[in-house]
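Here is the structure we will look at.
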Amino acid sequence: MKRAVVIGVGHYLPERVVPNSEFEKTLETTDEWIKARSGIERRHFAAPGQGTSDLGAKAATAALRHAGIDAGDIDAIIVATSTADYTFPSAATMIQGAIGNTNAFAFDVQAVCAGFAYALSTANAMVVSGQATRILVIGAETFSRLMDWTDRSTCVLFGDGAGALVLEAQEGAGSSDDRGILSTDLNSDGRYRDLLYVDGGVSTNTTGVLRMEGKEVFRHAVEKLAETAHTSLAKVGLGANDVDWVVPHQANIRIIQATAKKLGVGMDRVVVTVQDHGNTSAASIPLALSVGVSNGQIKKGDLVVTEAIGGGLAWGSAVIRW
């Protein structure tokens with residue numbers, strides 16, 4: 001059977017680094033308060049005039065370089081984002097133009113922080129069905145443009161960045177020993193939309209800012225992330241003991257720790273980047289995957305589980321043999 005195998009990864013972070021101490025100038029907060037509640041020490045903010053597609057194009061270029069292929073070898077581009085440069089066209093087509101690809105089809109996927117899980121599942125389906133052979137899957141966000149800078153409970157948590165994977169169709173035996181995406185699991189429940197949302201949009205003629213009920217999001221996150229990871233593993237007859245690395249959505253160190261405990265995986269098998277990047281929404285997982293590879297943590301043959309939850313609520317996971 002066909003498998004969607006990861007053959008390249010890459011990421012990009014804007015040049016501006018914002019330490020926690022910068023928020024002490026305008027908010028009633030401290031570096032210690034932010035670190036204790038989130039694990040975040042710094043994040044990156046996009047420069048004025050730097051759009052989500054700019055970040056995504058740089059991450060895509062890095063992933064293509066890592067894969068050793070040209071932009072023209074890609075026949076599909078899927079971008080997970082909630083902060084596209086324009087209402088339309090899609091960030092995906094803008095990235096396509098920026099990297100010099102003319103033969104792929106390109107589109108965006110919007111499921112907020114769970115967006116990359118949705119994009120990855122979509123890409124996998126396209127590979128398995130034969131609709132595409134090589135796919136760029138990108139998560140890119142400029143969440144700094146959605147912050148209420150007077151709300152210390154939210155504005156200190158988010159950052160900007162992009163990560164990208166190159167997937168290639170390869171033949172597998174149909175077992176859990178195959179390289180590539182082995183299973184995915186997607187979920188959503190619109191009853192909880194008021195727990196995490198942006199209070200504006202096109203039809204209301206406003207941009208809006210992010211609003212979040214932090215305690216409730218935390219409660220749902222730990223329960224649902226562990227559950228979806230277990231579901232994805234069970235689909236291919238695997239369990240927590242088979243996992244080499246968990247690469248979770250990097251939202252909050254306490255969520256990451258609680259989910260790992262509930263999943264039955266030690267923190268020594270969890271890739272953690274939240275301290276350096278903050279919550280980069282749909283960019284979070286591909287960014288962490290790229291960092292994990294560049295750090296020498298994730299190696300060929302490793303079993304990797306990714307899981308994420310975001311506004312909607314929407315959540316999902318994937319099991320990947322690297």
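Residues in the structure tokens are named by chain (A, B, ... in the order shown) and by number from 1 within that chain; ligands are numbered from 1 in the order shown.
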Next item on the list: Tell me, as an NGL selection string, which residues lie within 9 Å of Asp85 in chain A, counting only C-alpha atoms; anything in the same chain fewer than 3 positions away does not count.
Entry: :A and (51-53 or 88-91 or 94)
Next item on the list: Write out as a list in words each polymer residue whose atoms come within 12 Å of Ala125 in chain A, counting only C-alpha atoms; drop sequence neighbours fewer than 2 positions from it.
Entry: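 Final neighbour list, sorted by chain and number: Lys2, Arg3, Ala4, Tyr118, Ala119, Leu120, Ser121, Thr122, Ala123, Val127, Val128, Ser129, Gly130, Gln131, Ala132, Thr133, Ile135, Leu167, Ala169, Ile181, Leu182, Ser183 and Thr184 of chain A.
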Notebook entry, point to check: Got a sec: who's within 7 Å of range 254-259 of chain A, counting only C-alpha atoms, leaving out chain neighbours fewer than 6 positions off, as a list in words?
Noted result: Ser38, Phe218, Val222, Leu225, Ala226, Pro248 and Met267 of chain A
Identify all residues of range 104-210 of chain A in strand (DSSP E or B) (DSSP on the backbone) and supply them as a PDB file with C-alpha atoms, in the first residue's frame.
ATOM      1  CA  PHE A 105      -2.622  22.605  -6.496  1.00  0.00           C
ATOM      2  CA  ALA A 106      -2.588  24.636  -3.291  1.00  0.00           C
ATOM      3  CA  PHE A 107      -5.098  25.416  -0.549  1.00  0.00           C
ATOM      4  CA  ASP A 108      -5.423  26.348   3.128  1.00  0.00           C
ATOM      5  CA  VAL A 109      -6.845  24.370   6.038  1.00  0.00           C
ATOM      6  CA  ARG A 134       4.833  14.805  -3.209  1.00  0.00           C
ATOM      7  CA  ILE A 135       3.087  17.224  -0.878  1.00  0.00           C
ATOM      8  CA  LEU A 136       4.331  20.227   1.061  1.00  0.00           C
ATOM      9  CA  VAL A 137       2.427  20.431   4.345  1.00  0.00           C
ATOM     10  CA  ILE A 138       3.026  23.736   6.087  1.00  0.00           C
ATOM     11  CA  GLY A 139       1.885  25.278   9.352  1.00  0.00           C
ATOM     12  CA  ALA A 140       2.385  29.046   9.454  1.00  0.00           C
ATOM     13  CA  GLU A 141       0.989  31.714  11.767  1.00  0.00           C
ATOM     14  CA  THR A 142       1.318  35.357  12.800  1.00  0.00           C
ATOM     15  CA  PHE A 158       1.515  33.232  21.593  1.00  0.00           C
ATOM     16  CA  ASP A 160       4.818  33.624  15.269  1.00  0.00           C
ATOM     17  CA  GLY A 161       6.597  31.047  13.119  1.00  0.00           C
ATOM     18  CA  ALA A 162       6.311  28.352  10.484  1.00  0.00           C
ATOM     19  CA  GLY A 163       7.213  24.715   9.990  1.00  0.00           C
ATOM     20  CA  ALA A 164       6.992  22.465   6.940  1.00  0.00           C
ATOM     21  CA  LEU A 165       7.128  18.785   6.001  1.00  0.00           C
ATOM     22  CA  VAL A 166       7.659  17.216   2.584  1.00  0.00           C
ATOM     23  CA  LEU A 167       5.667  14.009   2.163  1.00  0.00           C
ATOM     24  CA  GLU A 168       6.399  11.506  -0.604  1.00  0.00           C
ATOM     25  CA  ALA A 169       4.355   8.521  -1.718  1.00  0.00           C
ATOM     26  CA  GLN A 170       6.298   5.302  -1.139  1.00  0.00           C
ATOM     27  CA  GLU A 171       5.298   1.658  -1.132  1.00  0.00           C
ATOM     28  CA  GLY A 180       5.287   7.134   6.849  1.00  0.00           C
ATOM     29  CA  ILE A 181       1.953   8.191   8.302  1.00  0.00           C
ATOM     30  CA  LEU A 182       0.413   5.067   9.831  1.00  0.00           C
ATOM     31  CA  SER A 183      -2.824   6.543  11.176  1.00  0.00           C
ATOM     32  CA  THR A 184      -4.650   9.780  11.955  1.00  0.00           C
ATOM     33  CA  ASP A 185      -7.593  10.762  14.142  1.00  0.00           C
ATOM     34  CA  LEU A 186      -9.647  13.968  13.841  1.00  0.00           C
ATOM     35  CA  ASN A 187     -12.380  15.365  16.087  1.00  0.00           C
ATOM     36  CA  SER A 188     -14.356  18.525  16.757  1.00  0.00           C
ATOM     37  CA  LEU A 196     -11.304  29.777  22.574  1.00  0.00           C
ATOM     38  CA  TYR A 197     -12.118  32.125  19.715  1.00  0.00           C
ATOM     39  CA  VAL A 198     -11.372  35.428  17.978  1.00  0.00           C
ATOM     40  CA  GLY A 201     -14.083  38.237  11.239  1.00  0.00           C
ATOM     41  CA  THR A 206     -13.697  43.474  12.230  1.00  0.00           C
ATOM     42  CA  LEU A 210      -8.227  36.233  20.757  1.00  0.00           C
TER      43      LEU A 210
END
Checklist line | Shell of 9 Å around Asn279 in chain A, only C-alpha atoms, local chain residues under 3 positions omitted, as JSON, numbers by chain | finding: {"A": [40, 43, 113, 143, 157, 158, 159, 160, 249, 250, 251, 252, 274, 282, 283, 284]}
Kindly export the residues of the current selection with C-alpha atoms, as a compact mmCIF listing (two decimals), in the first residue's frame.
# COMPACT_ATOMS: atom_id res chain seq x y z
CA ILE A 40 7.31 30.00 28.03
CA ARG A 43 8.73 33.90 21.53
CA CYS A 113 -4.06 25.02 16.74
CA PHE A 143 -0.78 35.17 15.96
CA LEU A 157 1.32 32.91 25.37
CA PHE A 158 1.52 33.23 21.59
CA GLY A 159 4.24 33.65 19.01
CA ASP A 160 4.82 33.62 15.27
CA HIS A 249 1.13 21.02 20.22
CA GLN A 250 3.33 23.46 22.13
CA ALA A 251 0.75 25.51 24.02
CA ASN A 252 1.64 25.18 27.69
CA VAL A 274 7.35 25.86 24.04
CA ALA A 282 -0.86 25.50 13.53
CA ALA A 283 2.91 26.06 13.13
CA SER A 284 3.60 24.46 16.49
Using 12 Å as the limit and counting only C-alpha atoms, can you tabulate each residue of range 256-277 of chain A that touches range 7-22 of chain A, with its shortest atom-to-atom distance in Å and the two atoms involved, as JSON lines?
{"residue": "A:Gln275", "atom": "CA", "partner": "A:Pro19", "partner_atom": "CA", "distance": 10.1}
{"residue": "A:Asp276", "atom": "CA", "partner": "A:Pro19", "partner_atom": "CA", "distance": 9.1}
{"residue": "A:His277", "atom": "CA", "partner": "A:Leu13", "partner_atom": "CA", "distance": 8.4}
Kindly export the residues of the current selection with N, CA and C atoms, as a PDB file, in the first residue's frame.
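Okay, this is what ended up in result36.pdb:
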ATOM      1  N   GLN A 275       9.218  26.643  25.409  1.00  0.00           N
ATOM      2  CA  GLN A 275       9.987  27.653  26.127  1.00  0.00           C
ATOM      3  C   GLN A 275      10.592  28.692  25.189  1.00  0.00           C
ATOM      4  N   ASP A 276      10.877  28.282  23.966  1.00  0.00           N
ATOM      5  CA  ASP A 276      11.541  29.165  23.008  1.00  0.00           C
ATOM      6  C   ASP A 276      10.605  29.825  22.008  1.00  0.00           C
ATOM      7  N   HIS A 277       9.440  29.235  21.778  1.00  0.00           N
ATOM      8  CA  HIS A 277       8.576  29.708  20.691  1.00  0.00           C
ATOM      9  C   HIS A 277       7.202  30.168  21.158  1.00  0.00           C
TER      10      HIS A 277
END
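Omitting Leu313 in chain A and its sequence neighbours fewer than 4 positions away, and counting only C-alpha atoms, the residues within 7 Å are Ser188, Asp189, Gly190, Tyr192 and Arg193 of chain A.
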Neighbour list for Asp242 in chain A as a JSON list (two decimals) with N, CA and C atoms, in the first residue's frame, cut-off 12 Å, only C-alpha atoms, skip fewer than 2 positions in-chain:
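The resulting file, out_33.json, is shown below:
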[["chain", "number", "residue", "atom", "x", "y", "z"],
["A", 176, "SER", "N", 2.69, -1.86, 10.74],
["A", 176, "SER", "CA", 3.11, -0.72, 11.56],
["A", 176, "SER", "C", 4.61, -0.50, 11.49],
["A", 177, "ASP", "N", 5.33, -1.39, 10.82],
["A", 177, "ASP", "CA", 6.77, -1.20, 10.61],
["A", 177, "ASP", "C", 7.07, -0.31, 9.42],
["A", 230, "HIS", "N", -4.18, 7.95, 21.96],
["A", 230, "HIS", "CA", -4.47, 6.52, 22.18],
["A", 230, "HIS", "C", -5.24, 5.93, 20.99],
["A", 233, "LEU", "N", -2.94, 5.41, 17.95],
["A", 233, "LEU", "CA", -2.05, 4.26, 18.18],
["A", 233, "LEU", "C", -2.82, 2.94, 18.06],
["A", 234, "ALA", "N", -4.03, 2.90, 18.64],
["A", 234, "ALA", "CA", -4.82, 1.68, 18.62],
["A", 234, "ALA", "C", -5.21, 1.27, 17.20],
["A", 236, "VAL", "N", -3.46, 1.15, 14.68],
["A", 236, "VAL", "CA", -2.40, 0.35, 14.06],
["A", 236, "VAL", "C", -1.81, -0.66, 15.05],
["A", 237, "GLY", "N", -2.59, -0.96, 16.08],
["A", 237, "GLY", "CA", -2.20, -2.00, 17.03],
["A", 237, "GLY", "C", -0.98, -1.67, 17.87],
["A", 238, "LEU", "N", -0.78, -0.39, 18.16],
["A", 238, "LEU", "CA", 0.36, 0.04, 18.96],
["A", 238, "LEU", "C", -0.09, 0.70, 20.25],
["A", 239, "GLY", "N", 0.84, 0.84, 21.19],
["A", 239, "GLY", "CA", 0.54, 1.47, 22.46],
["A", 239, "GLY", "C", 1.64, 2.44, 22.86],
["A", 240, "ALA", "N", 1.48, 3.02, 24.03],
["A", 240, "ALA", "CA", 2.42, 4.04, 24.50],
["A", 240, "ALA", "C", 3.85, 3.52, 24.59],
["A", 244, "ASP", "N", 8.49, 6.30, 20.41],
["A", 244, "ASP", "CA", 9.82, 6.86, 20.65],
["A", 244, "ASP", "C", 9.73, 8.33, 21.04],
["A", 245, "TRP", "N", 8.86, 9.07, 20.34],
["A", 245, "TRP", "CA", 8.74, 10.50, 20.61],
["A", 245, "TRP", "C", 7.29, 10.95, 20.50],
["A", 246, "VAL", "N", 6.85, 11.73, 21.47],
["A", 246, "VAL", "CA", 5.61, 12.47, 21.36],
["A", 246, "VAL", "C", 5.99, 13.90, 21.01],
["A", 263, "LEU", "N", -1.03, 9.80, 28.94],
["A", 263, "LEU", "CA", -0.73, 8.91, 27.83],
["A", 263, "LEU", "C", 0.17, 7.76, 28.25],
["A", 264, "GLY", "N", 0.92, 7.96, 29.34],
["A", 264, "GLY", "CA", 1.83, 6.94, 29.83],
["A", 264, "GLY", "C", 3.20, 7.01, 29.20],
["A", 265, "VAL", "N", 3.62, 8.23, 28.85],
["A", 265, "VAL", "CA", 4.93, 8.45, 28.22],
["A", 265, "VAL", "C", 5.73, 9.41, 29.09],
["A", 269, "ARG", "N", 10.72, 11.40, 26.56],
["A", 269, "ARG", "CA", 10.34, 11.01, 25.20],
["A", 269, "ARG", "C", 9.41, 12.03, 24.57],
["A", 301, "GLY", "N", 13.16, 5.75, 11.40],
["A", 301, "GLY", "CA", 12.65, 4.55, 12.02],
["A", 301, "GLY", "C", 11.94, 4.78, 13.33],
["A", 302, "ASP", "N", 12.08, 5.97, 13.91],
["A", 302, "ASP", "CA", 11.41, 6.28, 15.18],
["A", 302, "ASP", "C", 9.89, 6.36, 14.99],
["A", 303, "LEU", "N", 9.17, 5.93, 16.03],
["A", 303, "LEU", "CA", 7.71, 6.07, 16.01],
["A", 303, "LEU", "C", 7.36, 7.37, 16.72],
["A", 304, "VAL", "N", 6.70, 8.27, 15.98],
["A", 304, "VAL", "CA", 6.39, 9.60, 16.47],
["A", 304, "VAL", "C", 4.88, 9.77, 16.54],
["A", 305, "VAL", "N", 4.40, 10.33, 17.66],
["A", 305, "VAL", "CA", 2.98, 10.65, 17.82],
["A", 305, "VAL", "C", 2.85, 12.16, 17.96],
["A", 319, "VAL", "N", 0.06, 9.22, 13.89],
["A", 319, "VAL", "CA", 1.16, 8.32, 14.22],
["A", 319, "VAL", "C", 2.03, 8.21, 12.97],
["A", 320, "ILE", "N", 3.32, 8.50, 13.12],
["A", 320, "ILE", "CA", 4.22, 8.54, 11.97],
["A", 320, "ILE", "C", 5.46, 7.70, 12.28],
["A", 321, "ARG", "N", 5.79, 6.82, 11.36],
["A", 321, "ARG", "CA", 7.08, 6.12, 11.43],
["A", 321, "ARG", "C", 8.06, 6.94, 10.62]]
Next item on the list: Using only C-alpha atoms, pick whichever of A:Gln297, A:Gln50, A:Asn101, A:Thr228 has the shortest atom-to-atom distance to Leu64 in chain A.
Entry: A:Asn101
